[in-house]
Every structure is written in C-alpha cells, then in structure tokens.
file model.pdb (PDB, C-alpha atoms and all ligand atoms)
ATOM      1  CA  MET Y   1      16.391  50.450  39.977  1.00  0.00           C
ATOM      2  CA  ILE Y   2      14.251  48.440  37.616  1.00  0.00           C
ATOM      3  CA  ASP Y   3      11.944  50.200  35.246  1.00  0.00           C
ATOM      4  CA  ARG Y   4       8.616  48.621  36.069  1.00  0.00           C
ATOM      5  CA  ARG Y   5       7.079  49.313  32.717  1.00  0.00           C
ATOM      6  CA  LEU Y   6      10.003  47.746  30.960  1.00  0.00           C
ATOM      7  CA  LEU Y   7       9.769  44.741  33.234  1.00  0.00           C
ATOM      8  CA  ILE Y   8       6.066  44.328  32.506  1.00  0.00           C
ATOM      9  CA  ALA Y   9       6.744  44.639  28.798  1.00  0.00           C
ATOM     10  CA  LYS Y  10       9.441  41.998  29.090  1.00  0.00           C
ATOM     11  CA  ILE Y  11       7.196  39.618  30.982  1.00  0.00           C
ATOM     12  CA  GLY Y  12       4.496  40.142  28.383  1.00  0.00           C
ATOM     13  CA  LEU Y  13       6.917  39.438  25.580  1.00  0.00           C
ATOM     14  CA  CYS Y  14       8.188  36.304  27.312  1.00  0.00           C
ATOM     15  CA  GLY Y  15       4.658  35.048  27.716  1.00  0.00           C
ATOM     16  CA  PHE Y  16       3.963  35.748  24.090  1.00  0.00           C
ATOM     17  CA  LEU Y  17       7.114  33.965  22.948  1.00  0.00           C
ATOM     18  CA  ALA Y  18       6.475  31.047  25.288  1.00  0.00           C
ATOM     19  CA  ALA Y  19       2.964  30.672  23.952  1.00  0.00           C
ATOM     20  CA  ASN Y  20       4.294  30.505  20.427  1.00  0.00           C
ATOM     21  CA  PHE Y  21       7.058  28.208  21.448  1.00  0.00           C
ATOM     22  CA  ILE Y  22       4.918  25.663  23.214  1.00  0.00           C
ATOM     23  CA  GLY Y  23       2.900  25.572  20.066  1.00  0.00           C
ATOM     24  CA  PHE Y  24      -0.399  27.063  21.053  1.00  0.00           C
ATOM     25  CA  PRO Y  25      -3.405  25.532  19.301  1.00  0.00           C
ATOM     26  CA  ASP Y  26      -3.614  26.897  15.809  1.00  0.00           C
ATOM     27  CA  ARG Y  27      -5.880  29.762  14.855  1.00  0.00           C
ATOM     28  CA  ALA Y  28      -8.813  27.561  13.878  1.00  0.00           C
ATOM     29  CA  ALA Y  29      -8.683  25.732  17.201  1.00  0.00           C
ATOM     30  CA  LEU Y  30      -8.530  29.009  19.097  1.00  0.00           C
ATOM     31  CA  ALA Y  31     -11.437  30.436  17.135  1.00  0.00           C
ATOM     32  CA  ALA Y  32     -13.469  27.278  17.713  1.00  0.00           C
ATOM     33  CA  SER Y  33     -12.815  27.267  21.435  1.00  0.00           C
ATOM     34  CA  SER Y  34     -13.736  30.924  21.767  1.00  0.00           C
ATOM     35  CA  ILE Y  35     -17.003  30.247  19.967  1.00  0.00           C
ATOM     36  CA  VAL Y  36     -17.728  27.294  22.220  1.00  0.00           C
ATOM     37  CA  ALA Y  37     -17.058  29.513  25.232  1.00  0.00           C
ATOM     38  CA  ALA Y  38     -19.384  32.221  23.912  1.00  0.00           C
ATOM     39  CA  VAL Y  39     -22.280  29.942  22.973  1.00  0.00           C
ATOM     40  CA  ASP Y  40     -21.988  27.286  25.691  1.00  0.00           C
ATOM     41  CA  LYS Y  41     -24.572  28.604  28.148  1.00  0.00           C
ATOM     42  CA  ASP Y  42     -24.550  25.611  30.496  1.00  0.00           C
ATOM     43  CA  ASN Y  43     -20.759  25.544  30.542  1.00  0.00           C
ATOM     44  CA  ASP Y  44     -20.398  21.837  29.848  1.00  0.00           C
ATOM     45  CA  GLY Y  45     -17.742  22.454  27.222  1.00  0.00           C
ATOM     46  CA  THR Y  46     -19.898  21.379  24.291  1.00  0.00           C
ATOM     47  CA  LEU Y  47     -22.677  22.932  22.239  1.00  0.00           C
ATOM     48  CA  ASP Y  48     -26.093  21.331  22.045  1.00  0.00           C
ATOM     49  CA  LEU Y  49     -28.645  22.249  19.409  1.00  0.00           C
ATOM     50  CA  ALA Y  50     -30.620  24.488  21.784  1.00  0.00           C
ATOM     51  CA  GLU Y  51     -27.526  26.541  22.563  1.00  0.00           C
ATOM     52  CA  VAL Y  52     -26.627  26.785  18.899  1.00  0.00           C
ATOM     53  CA  LYS Y  53     -30.155  27.813  17.947  1.00  0.00           C
ATOM     54  CA  GLU Y  54     -30.244  30.457  20.640  1.00  0.00           C
ATOM     55  CA  ALA Y  55     -26.998  31.913  19.302  1.00  0.00           C
ATOM     56  CA  ALA Y  56     -28.258  31.597  15.711  1.00  0.00           C
ATOM     57  CA  GLY Y  57     -31.466  33.439  16.582  1.00  0.00           C
ATOM     58  CA  ALA Y  58     -29.572  36.300  18.186  1.00  0.00           C
ATOM     59  CA  PHE Y  59     -27.189  36.402  15.243  1.00  0.00           C
ATOM     60  CA  PHE Y  60     -30.093  36.443  12.801  1.00  0.00           C
ATOM     61  CA  GLU Y  61     -31.411  39.570  14.532  1.00  0.00           C
ATOM     62  CA  LYS Y  62     -27.980  41.130  14.365  1.00  0.00           C
ATOM     63  CA  LEU Y  63     -27.653  40.474  10.637  1.00  0.00           C
ATOM     64  CA  ASN Y  64     -31.167  41.710   9.924  1.00  0.00           C
ATOM     65  CA  LYS Y  65     -30.480  45.398   9.469  1.00  0.00           C
ATOM     66  CA  ASP Y  66     -33.755  46.520   7.916  1.00  0.00           C
ATOM     67  CA  PRO Y  67     -37.156  46.447   9.639  1.00  0.00           C
ATOM     68  CA  ASP Y  68     -38.422  43.257   7.929  1.00  0.00           C
ATOM     69  CA  ASP Y  69     -38.050  39.907   9.642  1.00  0.00           C
ATOM     70  CA  THR Y  70     -36.095  38.104   6.937  1.00  0.00           C
ATOM     71  CA  LEU Y  71     -32.529  38.086   5.706  1.00  0.00           C
ATOM     72  CA  ASP Y  72     -31.756  38.845   2.097  1.00  0.00           C
ATOM     73  CA  ALA Y  73     -28.535  37.825   0.344  1.00  0.00           C
ATOM     74  CA  LYS Y  74     -26.993  41.208   1.055  1.00  0.00           C
ATOM     75  CA  GLU Y  75     -27.589  40.922   4.775  1.00  0.00           C
ATOM     76  CA  VAL Y  76     -26.239  37.387   4.830  1.00  0.00           C
ATOM     77  CA  GLY Y  77     -23.221  38.416   2.767  1.00  0.00           C
ATOM     78  CA  ALA Y  78     -20.376  35.941   2.495  1.00  0.00           C
ATOM     79  CA  ARG Y  79     -21.640  33.939   5.445  1.00  0.00           C
ATOM     80  CA  LEU Y  80     -23.562  31.687   3.092  1.00  0.00           C
ATOM     81  CA  GLY Y  81     -22.483  30.762  -0.408  1.00  0.00           C
ATOM     82  CA  LYS Y  82     -24.887  31.364  -3.263  1.00  0.00           C
ATOM     83  CA  SER Y  83     -25.880  27.718  -3.618  1.00  0.00           C
ATOM     84  CA  ALA Y  84     -26.179  27.253   0.146  1.00  0.00           C
ATOM     85  CA  PHE Y  85     -28.454  30.285   0.304  1.00  0.00           C
ATOM     86  CA  LYS Y  86     -30.602  28.894  -2.506  1.00  0.00           C
ATOM     87  CA  ALA Y  87     -30.746  25.470  -0.874  1.00  0.00           C
ATOM     88  CA  GLY Y  88     -31.768  27.120   2.384  1.00  0.00           C
ATOM     89  CA  ASP Y  89     -34.513  29.106   0.706  1.00  0.00           C
ATOM     90  CA  PRO Y  90     -36.984  26.406  -0.352  1.00  0.00           C
ATOM     91  CA  ASP Y  91     -39.784  28.863  -1.163  1.00  0.00           C
ATOM     92  CA  ASP Y  92     -37.310  30.614  -3.436  1.00  0.00           C
ATOM     93  CA  ASP Y  93     -38.380  34.139  -2.506  1.00  0.00           C
ATOM     94  CA  GLY Y  94     -34.782  35.316  -2.174  1.00  0.00           C
ATOM     95  CA  THR Y  95     -34.974  35.843   1.558  1.00  0.00           C
ATOM     96  CA  LEU Y  96     -34.489  33.660   4.598  1.00  0.00           C
ATOM     97  CA  THR Y  97     -37.055  33.642   7.360  1.00  0.00           C
ATOM     98  CA  LYS Y  98     -35.860  32.746  10.802  1.00  0.00           C
ATOM     99  CA  ASP Y  99     -37.318  29.253  10.350  1.00  0.00           C
ATOM    100  CA  GLU Y 100     -35.418  28.804   7.100  1.00  0.00           C
ATOM    101  CA  TYR Y 101     -32.292  30.071   8.834  1.00  0.00           C
ATOM    102  CA  PHE Y 102     -32.788  27.644  11.717  1.00  0.00           C
ATOM    103  CA  ALA Y 103     -33.244  24.779   9.244  1.00  0.00           C
ATOM    104  CA  ILE Y 104     -29.866  25.570   7.669  1.00  0.00           C
ATOM    105  CA  VAL Y 105     -28.283  25.807  11.107  1.00  0.00           C
ATOM    106  CA  GLU Y 106     -29.799  22.496  12.172  1.00  0.00           C
ATOM    107  CA  LYS Y 107     -28.609  20.757   9.033  1.00  0.00           C
ATOM    108  CA  LEU Y 108     -25.072  22.028   9.527  1.00  0.00           C
ATOM    109  CA  PHE Y 109     -25.216  21.088  13.199  1.00  0.00           C
ATOM    110  CA  LYS Y 110     -26.067  17.501  12.293  1.00  0.00           C
ATOM    111  CA  ALA Y 111     -23.399  17.410   9.583  1.00  0.00           C
ATOM    112  CA  ALA Y 112     -20.773  18.728  12.006  1.00  0.00           C
ATOM    113  CA  ASP Y 113     -21.689  16.251  14.753  1.00  0.00           C
ATOM    114  CA  ALA Y 114     -19.256  13.603  13.556  1.00  0.00           C
ATOM    115  CA  ASN Y 115     -19.799  11.116  16.397  1.00  0.00           C
ATOM    116  CA  LYS Y 116     -23.584  11.703  16.468  1.00  0.00           C
ATOM    117  CA  ASP Y 117     -23.721  12.300  20.204  1.00  0.00           C
ATOM    118  CA  GLY Y 118     -25.982  15.312  19.797  1.00  0.00           C
ATOM    119  CA  VAL Y 119     -23.431  17.896  20.896  1.00  0.00           C
ATOM    120  CA  LEU Y 120     -20.595  19.690  19.169  1.00  0.00           C
ATOM    121  CA  THR Y 121     -17.102  19.913  20.548  1.00  0.00           C
ATOM    122  CA  GLY Y 122     -14.558  22.555  19.558  1.00  0.00           C
ATOM    123  CA  LYS Y 123     -12.971  19.951  17.362  1.00  0.00           C
ATOM    124  CA  GLU Y 124     -16.204  19.188  15.538  1.00  0.00           C
ATOM    125  CA  LEU Y 125     -16.641  22.927  14.967  1.00  0.00           C
ATOM    126  CA  GLN Y 126     -13.424  22.897  12.964  1.00  0.00           C
ATOM    127  CA  SER Y 127     -14.841  20.558  10.331  1.00  0.00           C
ATOM    128  CA  LYS Y 128     -16.124  22.009   7.080  1.00  0.00           C
ATOM    129  CA  ALA Y 129     -19.728  21.879   8.259  1.00  0.00           C
ATOM    130  CA  GLY Y 130     -18.642  23.138  11.676  1.00  0.00           C
ATOM    131  CA  ARG Y 131     -16.961  26.156  10.180  1.00  0.00           C
ATOM    132  CA  ALA Y 132     -19.963  26.860   7.978  1.00  0.00           C
ATOM    133  CA  LEU Y 133     -22.123  26.647  11.097  1.00  0.00           C
ATOM    134  CA  THR Y 134     -19.983  29.065  13.099  1.00  0.00           C
ATOM    135  CA  ARG Y 135     -20.348  31.662  10.382  1.00  0.00           C
ATOM    136  CA  LEU Y 136     -24.112  31.602  11.014  1.00  0.00           C
ATOM    137  CA  ILE Y 137     -24.081  31.828  14.786  1.00  0.00           C
ATOM    138  CA  HIS Y 138     -21.276  34.148  15.767  1.00  0.00           C
TER     139      HIS Y 138
HETATM  140 CA    CA H   1     -23.354  23.242  26.440  1.00  0.00          CA
HETATM  141 CA    CA H   2     -37.518  32.219   1.810  1.00  0.00          CA
HETATM  142 CA    CA H   3     -20.481  15.422  18.752  1.00  0.00          CA
END

call {"tool": "encode", "arguments": {"input": "model.pdb", "output": "structure tokens", "more": "lines below"}}
Ligand SMILES: [Ca+2]
Ligand SMILES: [Ca+2]
Ligand SMILES: [Ca+2]
result
Amino acid sequence: MIDRRLLIAKIGLCGFLAANFIGFPDRAALAASSIVAAVDKDNDGTLDLAEVKEAAGAFFEKLNKDPDDTLDAKEVGARLGKSAFKAGDPDDDGTLTKDEYFAIVEKLFKAADANKDGVLTGKELQSKAGRALTRLIH
C-alpha cells in the first residue's frame, strides 16, 4: 500500500526539482511577472500608465501611516533613495504629496519604457528604472 502523503510529498519534490532543472526564470523575472499580474487590470499582459498610477495611488495610501495626506522620508523608507526623494520633492518641504509621488512614478514609467510604446512589459520592469518603479507601486 502506498502512503498517500509520502506520494504527494514526492510529487511536490519532483515538481520543485523539475522547475529548478528546466531553469525557471530567475527571481527578478518572477518578481516582475507577479507584479505585472497584480497591477494589470485589463489583463493584456502589460502595464499602461493608468494601471501603474492606480497601483501607485493605492500603495501611497498604504505607506501613509499617519493621518496626513503626504509621505515623509520615514514612511517612504528605503523605497526611494535620499537624492531621489529630494528630486521628487520640488517644493522641498520634506514630504511627498500624492501629486509629487505620481510625478516620480510617471518619470520612472517613462524611463522604464525602453521601446516607447507606452506600456511596460515584465522585461521592462526589470530595468533599473523598472525596478525603482516597482518599489513605489507594490
Ligand atoms: Ca494592462
Ligand atoms: Ca513636497
Ligand atoms: Ca514598453
């Protein structure tokens, strides 16, 4: 008689090994595709600016822990480097309004859109700008 649990464990292990063997997409590719899946509301496999901004807006609210409607450096944390925060804060008041946040997001979106077709693929999200963008939307 076969121990079912053992069998299931074996199948699981085989699947795991096979996945590694076939050479699954690397971590960055997996992370990028999971972000695309989460943000891609119209399910066309790419992210347009409206989708990215919607995700960024929701993420802004999530990061904003206190009752004001801005993000300070503490709330943003490591998601934005010091100089990127400063560059994104043109009125230099030390906080980011949602508009300032959106402006940073839009700039990164454009920088990540390598082929300038107005949408981001999982691959474009893996670029430097793409990775910086994902930190602000997810
Ligand atoms: Ca889409
Ligand atoms: Ca500001
Ligand atoms: Ca593109």

call {"tool": "resolve_selection", "arguments": {"input": "model.pdb", "expression": "the PyMOL selection byres (((not hetatm)) within 10 of (chain H and resi 1))", "output": "PyMOL selection string"}}
result
chain Y and resi 36-37+39-52+119-121

call {"tool": "atom_distance", "arguments": {"input": "model.pdb", "atom1": "atom CA of Arg27 of chain Y", "atom2": "atom CA of Ala58 of chain Y"}}
result
24.8 Å

call {"tool": "closest_atom_pairs", "arguments": {"input": "model.pdb", "of": "chain Y", "to": "ligand CA 2 (chain H)", "cutoff": "8 Å", "atoms": "all atoms listed in the file", "output": "Markdown table"}}
result
| residue | atom | partner | partner_atom | distance |
| --- | --- | --- | --- | --- |
| Y:Thr70 | CA | H:CA2 | CA | 7.9 |
| Y:Gly88 | CA | H:CA2 | CA | 7.7 |
| Y:Asp89 | CA | H:CA2 | CA | 4.5 |
| Y:Pro90 | CA | H:CA2 | CA | 6.2 |
| Y:Asp91 | CA | H:CA2 | CA | 5.0 |
| Y:Asp92 | CA | H:CA2 | CA | 5.5 |
| Y:Asp93 | CA | H:CA2 | CA | 4.8 |
| Y:Gly94 | CA | H:CA2 | CA | 5.7 |
| Y:Thr95 | CA | H:CA2 | CA | 4.4 |
| Y:Leu96 | CA | H:CA2 | CA | 4.4 |
| Y:Thr97 | CA | H:CA2 | CA | 5.7 |
| Y:Glu100 | CA | H:CA2 | CA | 6.6 |

call {"tool": "atom_distance", "arguments": {"input": "model.pdb", "atom1": "atom CA of Ala87 of chain Y", "atom2": "atom CA of Asn115 of chain Y"}}
result
25.0 Å

call {"tool": "residues_around", "arguments": {"input": "model.pdb", "residues": "Leu71 of chain Y", "least_positions_apart": "2", "cutoff": "12 Å", "atoms": "all atoms listed in the file", "output": "VMD selection string"}}
result
chain Y and resid 57 59 to 69 73 to 77 79 to 80 85 88 to 89 93 to 101 136

call {"tool": "atom_distance", "arguments": {"input": "model.pdb", "atom1": "atom CA of His138 of chain Y", "atom2": "atom CA of Ser33 of chain Y"}}
result
12.3 Å

call {"tool": "closest_residue", "arguments": {"input": "model.pdb", "among": "Y:Ala112, Y:Val105, Y:Ala38, Y:Ala29", "to": "ligand CA 3 (chain H)", "atoms": "all atoms listed in the file"}}
result
Y:Ala112

call {"tool": "build_atoms", "arguments": {"input": "model.pdb", "residues": "segment 84-95 of chain Y", "atoms": "all heavy atoms", "output": "PDB file, keeping the file's coordinate frame"}}
result
ATOM      1  N   ALA Y  84     -25.685  27.581  -1.193  1.00  0.00           N
ATOM      2  CA  ALA Y  84     -26.179  27.253   0.146  1.00  0.00           C
ATOM      3  C   ALA Y  84     -27.376  28.126   0.500  1.00  0.00           C
ATOM      4  O   ALA Y  84     -28.340  27.667   1.126  1.00  0.00           O
ATOM      5  CB  ALA Y  84     -25.067  27.435   1.176  1.00  0.00           C
ATOM      6  N   PHE Y  85     -27.324  29.378   0.075  1.00  0.00           N
ATOM      7  CA  PHE Y  85     -28.454  30.285   0.304  1.00  0.00           C
ATOM      8  C   PHE Y  85     -29.692  29.764  -0.424  1.00  0.00           C
ATOM      9  O   PHE Y  85     -30.776  29.672   0.144  1.00  0.00           O
ATOM     10  CB  PHE Y  85     -28.105  31.698  -0.185  1.00  0.00           C
ATOM     11  CG  PHE Y  85     -29.122  32.751   0.191  1.00  0.00           C
ATOM     12  CD1 PHE Y  85     -28.899  33.597   1.260  1.00  0.00           C
ATOM     13  CD2 PHE Y  85     -30.305  32.895  -0.528  1.00  0.00           C
ATOM     14  CE1 PHE Y  85     -29.833  34.566   1.615  1.00  0.00           C
ATOM     15  CE2 PHE Y  85     -31.248  33.854  -0.184  1.00  0.00           C
ATOM     16  CZ  PHE Y  85     -31.002  34.694   0.890  1.00  0.00           C
ATOM     17  N   LYS Y  86     -29.503  29.394  -1.686  1.00  0.00           N
ATOM     18  CA  LYS Y  86     -30.602  28.894  -2.506  1.00  0.00           C
ATOM     19  C   LYS Y  86     -31.192  27.608  -1.900  1.00  0.00           C
ATOM     20  O   LYS Y  86     -32.404  27.457  -1.812  1.00  0.00           O
ATOM     21  CB  LYS Y  86     -30.100  28.627  -3.922  1.00  0.00           C
ATOM     22  CG  LYS Y  86     -31.142  28.901  -4.981  1.00  0.00           C
ATOM     23  CD  LYS Y  86     -30.514  28.857  -6.364  1.00  0.00           C
ATOM     24  CE  LYS Y  86     -31.529  28.561  -7.446  1.00  0.00           C
ATOM     25  NZ  LYS Y  86     -32.766  29.327  -7.405  1.00  0.00           N
ATOM     26  N   ALA Y  87     -30.288  26.729  -1.471  1.00  0.00           N
ATOM     27  CA  ALA Y  87     -30.746  25.470  -0.874  1.00  0.00           C
ATOM     28  C   ALA Y  87     -31.508  25.737   0.427  1.00  0.00           C
ATOM     29  O   ALA Y  87     -32.416  24.989   0.795  1.00  0.00           O
ATOM     30  CB  ALA Y  87     -29.552  24.559  -0.611  1.00  0.00           C
ATOM     31  N   GLY Y  88     -31.119  26.807   1.114  1.00  0.00           N
ATOM     32  CA  GLY Y  88     -31.768  27.120   2.384  1.00  0.00           C
ATOM     33  C   GLY Y  88     -33.024  27.946   2.228  1.00  0.00           C
ATOM     34  O   GLY Y  88     -33.661  28.301   3.226  1.00  0.00           O
ATOM     35  N   ASP Y  89     -33.347  28.264   0.992  1.00  0.00           N
ATOM     36  CA  ASP Y  89     -34.513  29.106   0.706  1.00  0.00           C
ATOM     37  C   ASP Y  89     -35.512  28.327  -0.141  1.00  0.00           C
ATOM     38  O   ASP Y  89     -35.704  28.604  -1.323  1.00  0.00           O
ATOM     39  CB  ASP Y  89     -34.034  30.369  -0.034  1.00  0.00           C
ATOM     40  CG  ASP Y  89     -35.163  31.321  -0.383  1.00  0.00           C
ATOM     41  OD1 ASP Y  89     -36.206  31.283   0.307  1.00  0.00           O
ATOM     42  OD2 ASP Y  89     -34.994  32.103  -1.343  1.00  0.00           O
ATOM     43  N   PRO Y  90     -36.152  27.319   0.462  1.00  0.00           N
ATOM     44  CA  PRO Y  90     -36.984  26.406  -0.352  1.00  0.00           C
ATOM     45  C   PRO Y  90     -38.159  27.099  -1.033  1.00  0.00           C
ATOM     46  O   PRO Y  90     -38.607  26.632  -2.082  1.00  0.00           O
ATOM     47  CB  PRO Y  90     -37.462  25.346   0.659  1.00  0.00           C
ATOM     48  CG  PRO Y  90     -37.186  25.912   2.006  1.00  0.00           C
ATOM     49  CD  PRO Y  90     -36.083  26.917   1.855  1.00  0.00           C
ATOM     50  N   ASP Y  91     -38.676  28.183  -0.474  1.00  0.00           N
ATOM     51  CA  ASP Y  91     -39.784  28.863  -1.163  1.00  0.00           C
ATOM     52  C   ASP Y  91     -39.267  29.831  -2.228  1.00  0.00           C
ATOM     53  O   ASP Y  91     -40.052  30.493  -2.911  1.00  0.00           O
ATOM     54  CB  ASP Y  91     -40.733  29.549  -0.170  1.00  0.00           C
ATOM     55  CG  ASP Y  91     -40.059  30.679   0.601  1.00  0.00           C
ATOM     56  OD1 ASP Y  91     -38.850  30.937   0.362  1.00  0.00           O
ATOM     57  OD2 ASP Y  91     -40.724  31.294   1.444  1.00  0.00           O
ATOM     58  N   ASP Y  92     -37.951  29.914  -2.332  1.00  0.00           N
ATOM     59  CA  ASP Y  92     -37.310  30.614  -3.436  1.00  0.00           C
ATOM     60  C   ASP Y  92     -37.746  32.066  -3.564  1.00  0.00           C
ATOM     61  O   ASP Y  92     -37.850  32.597  -4.659  1.00  0.00           O
ATOM     62  CB  ASP Y  92     -37.611  29.859  -4.754  1.00  0.00           C
ATOM     63  CG  ASP Y  92     -36.422  29.927  -5.709  1.00  0.00           C
ATOM     64  OD1 ASP Y  92     -35.332  30.339  -5.263  1.00  0.00           O
ATOM     65  OD2 ASP Y  92     -36.595  29.601  -6.900  1.00  0.00           O
ATOM     66  N   ASP Y  93     -37.981  32.725  -2.424  1.00  0.00           N
ATOM     67  CA  ASP Y  93     -38.380  34.139  -2.506  1.00  0.00           C
ATOM     68  C   ASP Y  93     -37.183  35.070  -2.320  1.00  0.00           C
ATOM     69  O   ASP Y  93     -37.341  36.281  -2.217  1.00  0.00           O
ATOM     70  CB  ASP Y  93     -39.497  34.453  -1.505  1.00  0.00           C
ATOM     71  CG  ASP Y  93     -39.021  34.347  -0.064  1.00  0.00           C
ATOM     72  OD1 ASP Y  93     -37.915  33.813   0.176  1.00  0.00           O
ATOM     73  OD2 ASP Y  93     -39.751  34.807   0.834  1.00  0.00           O
ATOM     74  N   GLY Y  94     -35.984  34.486  -2.248  1.00  0.00           N
ATOM     75  CA  GLY Y  94     -34.782  35.316  -2.174  1.00  0.00           C
ATOM     76  C   GLY Y  94     -34.468  35.842  -0.788  1.00  0.00           C
ATOM     77  O   GLY Y  94     -33.512  36.598  -0.616  1.00  0.00           O
ATOM     78  N   THR Y  95     -35.271  35.440   0.190  1.00  0.00           N
ATOM     79  CA  THR Y  95     -34.974  35.843   1.558  1.00  0.00           C
ATOM     80  C   THR Y  95     -35.084  34.634   2.483  1.00  0.00           C
ATOM     81  O   THR Y  95     -35.765  33.657   2.167  1.00  0.00           O
ATOM     82  CB  THR Y  95     -35.948  36.930   2.079  1.00  0.00           C
ATOM     83  OG1 THR Y  95     -37.263  36.381   2.108  1.00  0.00           O
ATOM     84  CG2 THR Y  95     -35.920  38.167   1.205  1.00  0.00           C
TER      85      THR Y  95
END
